[in-house]
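In what follows, a single structure is set out as structure tokens and then discussed.
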Amino acid sequence: MSYDNMSTIVARASQVADIAARHTEEAEAARRLSPQVVQAVRDAGFARHFVPVAHGGTAGGFTELTSAVFVVGQGCTSAAWAASLAAYAGRYAAFLPAEGQAEIWADGPDALVAAALMPSGTAERVAGGWRLSGEWKYISGVHFADWALACAAVPEERSADPEGRPEVRYFAVPKADFTITDSWYSVGMRGTGSDTLVLTDVHVPEHRTLARSAVHAGRAPASDARCHIVPMYAVNSLPFAAPLVGAVRGAMRAWVERTASRVDRRGRAVREMPSTQVSLARSAAEVDAAELLVRRTAAVADGMETPPEGEAAVRGARDLALAVELLVSAVGRVFRTSGTSGQSATDPVQRFWRDVNSAASHVALSFESTGAAYGAWALRSV
């Protein structure tokens with residue numbers, strides 16, 4: 001399968017969205033994506049999007065990936081989340097030493113990687129590498145991952161942090177070395193299969209580990225592609241915000257289709273009521289505004305736009321958190337105006353509503369913390 005231009009992943013995203021939409025009930029019941037959806041995500045090129053060209057990957061941009069995730073989200077939020085995180089996890093793997101990269105992509109650039117980004121477990125240095133044990137919760141896509149990147153603090157080693165905090169490292173572990181505990185019983189985002197990754201005395205050779213600081217600084221060892229030299233602050237919450245734009249558009253599309261035929265108790269067409277029209281207009285405007293904020297963040301990451309000096313480190317996270325607040329408002333209004341029929345367990349509007357509200361609780365999307373960081377910077381710069 002060849003991927004010959006930047007728009008390929010966007011073009012293929014519609015097929016992923018269609019397949020995912022047909023399997024939403026299956027994903028809800030199984031609490032993970034169906035094999036057909038996983039294969040569609042892989043075939044569309046999400047896994048290879050940030051993989052270095054040297055390993056057959058695309059080393060693509062953030063803008064086209066974001067656009068593709070928007071499209072998938074209109075069919076299924078969980079599928080868009082999985083596609084987005086699979087791509088970004090591949091980007092993390094690109095920071096491994098050359099030998100570690102060669103192992104992960106030995107069979108091609110479409111290996112799916114699940115990333116456990118929050119430190120947990122214990123890592124002990126041993127001859128030739130590390131011994132890793134512990135549990136990592138809420139690992140989206142772990143069931144269909146070929147590899148997992150587990151994050152752990154290394155107390156006996158110190159990072160370059162001026163406060164002397166322990167170094168934090170990522171450890172690449174093949175599927176054969178980890179087990180999964182069934183723990184994902186969420187109200188929303190059920191199809192992400194975000195169960196618990198378990199490692200027990202797993203040996204990880206030195207070439208399959210990297211310092212988290214390298215990712216934060218944008219120091220990939222063997223690639224000068226733009227996607228591998230961008231500091232983490234430029235893209236930190238982009239993979240989590242992008243799926244929600246598509247999800248709210250999916251909710252609005254389903255709402256419009258049903259509203260077109262609804263009548264109230266007196267037999268009046270609901271679509272002709274000014275209150276209905278205003279609700280739609282306000283939600284549509286909020287989604288458009290959110291999309292603009294998300295797209296601007298992606299454009300900055302791609303180097304197509306440069307924020308004012310000093311603002312780059314704090315503006316993107318602020319924008320994405322605000323975008324998600326707008327999306328929560330938009331989908332909430334759509335749900336509230338759906339009537340009793342919109343609360344049916346099989347109705348797509350309520351599923352999108354649950355998904356967006358669940359995903360919006362992600363710590364990276366908190367406006368309280370991102371807004372405080374931006375405000376502190378802005379006030380210090382006066």
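Scheme for the structure tokens: letters A, B, ... for chains in order shown; per-chain residue numbers from 1; ligand numbers from 1 in order shown.
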Those of region 252-379 of chain A in DSSP helix (DSSP H, G or I), formatted as an MDAnalysis selection string: chainID A and resid 252:259 270:272 274:301 312:336 340:343 348:359 363:365 367:379
Within 9 Å of region 118-135 of chain A, which residues of region 162-196 of chain A come that close, and what is the closest atom pair and distance in Å for each? Count only C-alpha atoms and give it as a tab-separated table.
```
residue	atom	partner	partner_atom	distance
A:Val168	CA	A:Pro119	CA	7.2
A:Arg169	CA	A:Pro119	CA	8.3
A:Tyr170	CA	A:Pro119	CA	8.7
A:Phe171	CA	A:Leu132	CA	8.4
A:Thr181	CA	A:Glu135	CA	9.0
A:Thr196	CA	A:Glu135	CA	6.5
```
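Atom to atom, CA of Trp136 (chain A) and CA of Val328 (chain A) stand 27.8 Å apart.
Minimum atom-to-atom distance to Glu309 (chain A), evaluated using only C-alpha atoms, belongs to A:Ser381 out of A:Ser366, A:Gln277, A:Ser381, A:Ser213.
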Can you pull out every residue within 7 Å of Val41 (chain A), counting only C-alpha atoms, but drop anything in the same chain fewer than 5 positions away, and send it as a PDB file with C-alpha atoms, in the first residue's frame?
```
ATOM      1  CA  VAL A  16     -12.745   4.872   8.510  1.00  0.00           C
ATOM      2  CA  PHE A  46      -2.741   6.687  11.068  1.00  0.00           C
ATOM      3  CA  ALA A  83      -6.616   6.884  15.447  1.00  0.00           C
TER       4      ALA A  83
END
```
Selection near Ala27 (chain A), 9 Å with only C-alpha atoms, sequence-local residues under 5 positions removed, as a PyMOL selection string: chain A and resi 20+32-34+78+190-193
Selection export as a PDB file, in the first residue's frame, atoms kept: all heavy atoms:
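Output file result.pdb is given in full below:
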```pdb
ATOM      1  N   ALA A  20     -16.499   2.789  11.133  1.00  0.00           N
ATOM      2  CA  ALA A  20     -16.646   2.954  12.584  1.00  0.00           C
ATOM      3  C   ALA A  20     -18.097   3.220  12.968  1.00  0.00           C
ATOM      4  O   ALA A  20     -18.586   2.704  13.982  1.00  0.00           O
ATOM      5  CB  ALA A  20     -15.751   4.083  13.072  1.00  0.00           C
ATOM      6  N   ARG A  32     -14.561  -1.831  23.400  1.00  0.00           N
ATOM      7  CA  ARG A  32     -13.356  -1.686  22.585  1.00  0.00           C
ATOM      8  C   ARG A  32     -13.779  -1.686  21.116  1.00  0.00           C
ATOM      9  O   ARG A  32     -14.873  -2.143  20.788  1.00  0.00           O
ATOM     10  CB  ARG A  32     -12.357  -2.808  22.854  1.00  0.00           C
ATOM     11  CG  ARG A  32     -12.805  -4.185  22.375  1.00  0.00           C
ATOM     12  CD  ARG A  32     -11.886  -5.290  22.840  1.00  0.00           C
ATOM     13  NE  ARG A  32     -11.985  -5.498  24.285  1.00  0.00           N
ATOM     14  CZ  ARG A  32     -11.521  -6.578  24.908  1.00  0.00           C
ATOM     15  NH1 ARG A  32     -10.892  -7.521  24.214  1.00  0.00           N
ATOM     16  NH2 ARG A  32     -11.643  -6.712  26.219  1.00  0.00           N
ATOM     17  N   LEU A  33     -12.929  -1.195  20.266  1.00  0.00           N
ATOM     18  CA  LEU A  33     -13.255  -1.137  18.850  1.00  0.00           C
ATOM     19  C   LEU A  33     -13.262  -2.526  18.233  1.00  0.00           C
ATOM     20  O   LEU A  33     -12.540  -3.425  18.675  1.00  0.00           O
ATOM     21  CB  LEU A  33     -12.235  -0.263  18.112  1.00  0.00           C
ATOM     22  CG  LEU A  33     -12.176   1.215  18.515  1.00  0.00           C
ATOM     23  CD1 LEU A  33     -11.075   1.916  17.734  1.00  0.00           C
ATOM     24  CD2 LEU A  33     -13.515   1.901  18.298  1.00  0.00           C
ATOM     25  N   SER A  34     -14.066  -2.694  17.202  1.00  0.00           N
ATOM     26  CA  SER A  34     -14.109  -3.969  16.497  1.00  0.00           C
ATOM     27  C   SER A  34     -12.847  -4.131  15.661  1.00  0.00           C
ATOM     28  O   SER A  34     -12.198  -3.145  15.284  1.00  0.00           O
ATOM     29  CB  SER A  34     -15.330  -4.025  15.581  1.00  0.00           C
ATOM     30  OG  SER A  34     -15.164  -3.138  14.492  1.00  0.00           O
ATOM     31  N   SER A  78     -14.748   7.301  19.633  1.00  0.00           N
ATOM     32  CA  SER A  78     -13.744   6.352  20.108  1.00  0.00           C
ATOM     33  C   SER A  78     -12.761   5.975  19.003  1.00  0.00           C
ATOM     34  O   SER A  78     -11.562   5.840  19.241  1.00  0.00           O
ATOM     35  CB  SER A  78     -14.416   5.091  20.665  1.00  0.00           C
ATOM     36  OG  SER A  78     -15.117   5.376  21.851  1.00  0.00           O
ATOM     37  N   ARG A 190     -16.624   4.564  25.466  1.00  0.00           N
ATOM     38  CA  ARG A 190     -16.551   3.142  25.810  1.00  0.00           C
ATOM     39  C   ARG A 190     -15.715   2.351  24.812  1.00  0.00           C
ATOM     40  O   ARG A 190     -15.052   1.378  25.175  1.00  0.00           O
ATOM     41  CB  ARG A 190     -17.966   2.562  25.879  1.00  0.00           C
ATOM     42  CG  ARG A 190     -18.785   3.085  27.045  1.00  0.00           C
ATOM     43  CD  ARG A 190     -20.202   2.547  27.004  1.00  0.00           C
ATOM     44  NE  ARG A 190     -20.993   3.042  28.129  1.00  0.00           N
ATOM     45  CZ  ARG A 190     -22.302   2.868  28.242  1.00  0.00           C
ATOM     46  NH1 ARG A 190     -22.963   2.201  27.292  1.00  0.00           N
ATOM     47  NH2 ARG A 190     -22.950   3.338  29.286  1.00  0.00           N
ATOM     48  N   GLY A 191     -15.763   2.741  23.554  1.00  0.00           N
ATOM     49  CA  GLY A 191     -15.079   1.967  22.534  1.00  0.00           C
ATOM     50  C   GLY A 191     -13.575   2.094  22.524  1.00  0.00           C
ATOM     51  O   GLY A 191     -12.903   1.394  21.760  1.00  0.00           O
ATOM     52  N   THR A 192     -13.008   2.966  23.360  1.00  0.00           N
ATOM     53  CA  THR A 192     -11.552   3.132  23.354  1.00  0.00           C
ATOM     54  C   THR A 192     -10.823   1.956  23.982  1.00  0.00           C
ATOM     55  O   THR A 192      -9.612   1.812  23.809  1.00  0.00           O
ATOM     56  CB  THR A 192     -11.135   4.419  24.090  1.00  0.00           C
ATOM     57  OG1 THR A 192     -11.570   4.338  25.456  1.00  0.00           O
ATOM     58  CG2 THR A 192     -11.734   5.642  23.427  1.00  0.00           C
ATOM     59  N   GLY A 193     -11.541   1.121  24.728  1.00  0.00           N
ATOM     60  CA  GLY A 193     -10.892  -0.033  25.349  1.00  0.00           C
ATOM     61  C   GLY A 193      -9.741   0.348  26.249  1.00  0.00           C
ATOM     62  O   GLY A 193      -8.700  -0.321  26.275  1.00  0.00           O
TER      63      GLY A 193
END
```
Strand (DSSP E) per DSSP on the backbone: members of region 42-219 of chain A, as a VMD selection string: chain A and resid 113 to 116 122 to 126 129 to 139 147 to 158 166 to 174 179 to 181 195 to 205 209 to 211
Spatial neighbours of Cys227 (chain A), 7 Å, only C-alpha atoms, chain gap at least 4 places, as a list in words: Phe50, Ala59, Gly60 and Gly61 of chain A
Computed interatomic separation between CA of Ala299 (chain A) and CA of Ala242 (chain A) (Å):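 Computing the Euclidean distance for CA of Ala299 (chain A) and CA of Ala242 (chain A) yields 13.1 Å.
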Proximity of region 318-357 of chain A to region 289-297 of chain A: per-residue shortest pair, 7 Å limit, only C-alpha atoms, as JSON lines:
```
{"residue": "A:Asp319", "atom": "CA", "partner": "A:Leu293", "partner_atom": "CA", "distance": 5.8}
{"residue": "A:Leu320", "atom": "CA", "partner": "A:Val294", "partner_atom": "CA", "distance": 6.0}
{"residue": "A:Ala323", "atom": "CA", "partner": "A:Ala290", "partner_atom": "CA", "distance": 4.2}
{"residue": "A:Val324", "atom": "CA", "partner": "A:Ala290", "partner_atom": "CA", "distance": 7.0}
{"residue": "A:Leu326", "atom": "CA", "partner": "A:Ala290", "partner_atom": "CA", "distance": 6.2}
{"residue": "A:Leu327", "atom": "CA", "partner": "A:Ala290", "partner_atom": "CA", "distance": 6.7}
```
Keeping only N, CA, C and O atoms, write those residues as a PDB file, in the first residue's frame.
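What landed in again-v4.pdb:
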```
ATOM      1  N   ASP A 319      -5.673  27.467  24.096  1.00  0.00           N
ATOM      2  CA  ASP A 319      -6.628  27.440  22.997  1.00  0.00           C
ATOM      3  C   ASP A 319      -7.385  26.116  22.923  1.00  0.00           C
ATOM      4  O   ASP A 319      -8.597  26.085  22.693  1.00  0.00           O
ATOM      5  N   LEU A 320      -6.660  25.023  23.109  1.00  0.00           N
ATOM      6  CA  LEU A 320      -7.300  23.708  23.001  1.00  0.00           C
ATOM      7  C   LEU A 320      -8.267  23.470  24.153  1.00  0.00           C
ATOM      8  O   LEU A 320      -9.344  22.887  23.969  1.00  0.00           O
ATOM      9  N   ALA A 323     -11.283  25.472  23.365  1.00  0.00           N
ATOM     10  CA  ALA A 323     -12.013  24.820  22.280  1.00  0.00           C
ATOM     11  C   ALA A 323     -12.884  23.696  22.816  1.00  0.00           C
ATOM     12  O   ALA A 323     -14.044  23.538  22.407  1.00  0.00           O
ATOM     13  N   VAL A 324     -12.350  22.928  23.739  1.00  0.00           N
ATOM     14  CA  VAL A 324     -13.125  21.814  24.296  1.00  0.00           C
ATOM     15  C   VAL A 324     -14.294  22.329  25.128  1.00  0.00           C
ATOM     16  O   VAL A 324     -15.386  21.749  25.108  1.00  0.00           O
ATOM     17  N   LEU A 326     -15.984  24.979  24.472  1.00  0.00           N
ATOM     18  CA  LEU A 326     -16.972  25.354  23.458  1.00  0.00           C
ATOM     19  C   LEU A 326     -17.685  24.123  22.904  1.00  0.00           C
ATOM     20  O   LEU A 326     -18.902  24.135  22.665  1.00  0.00           O
ATOM     21  N   LEU A 327     -16.936  23.052  22.706  1.00  0.00           N
ATOM     22  CA  LEU A 327     -17.521  21.824  22.168  1.00  0.00           C
ATOM     23  C   LEU A 327     -18.484  21.180  23.167  1.00  0.00           C
ATOM     24  O   LEU A 327     -19.537  20.667  22.778  1.00  0.00           O
TER      25      LEU A 327
END
```
CA of Val154 (chain A) to CA of Ala211 (chain A), distance in Å rounded to a single decimal: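 Computing the Euclidean distance for CA of Val154 (chain A) and CA of Ala211 (chain A) yields 10.1 Å.
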Near-region 339-345 of chain A list (12 Å; only C-alpha atoms; drop same-chain fewer than 5 positions) as a PyMOL selection string: chain A and resi 24-25+28-29+251-252+254-259+262-265+270+276+332-334+350-354
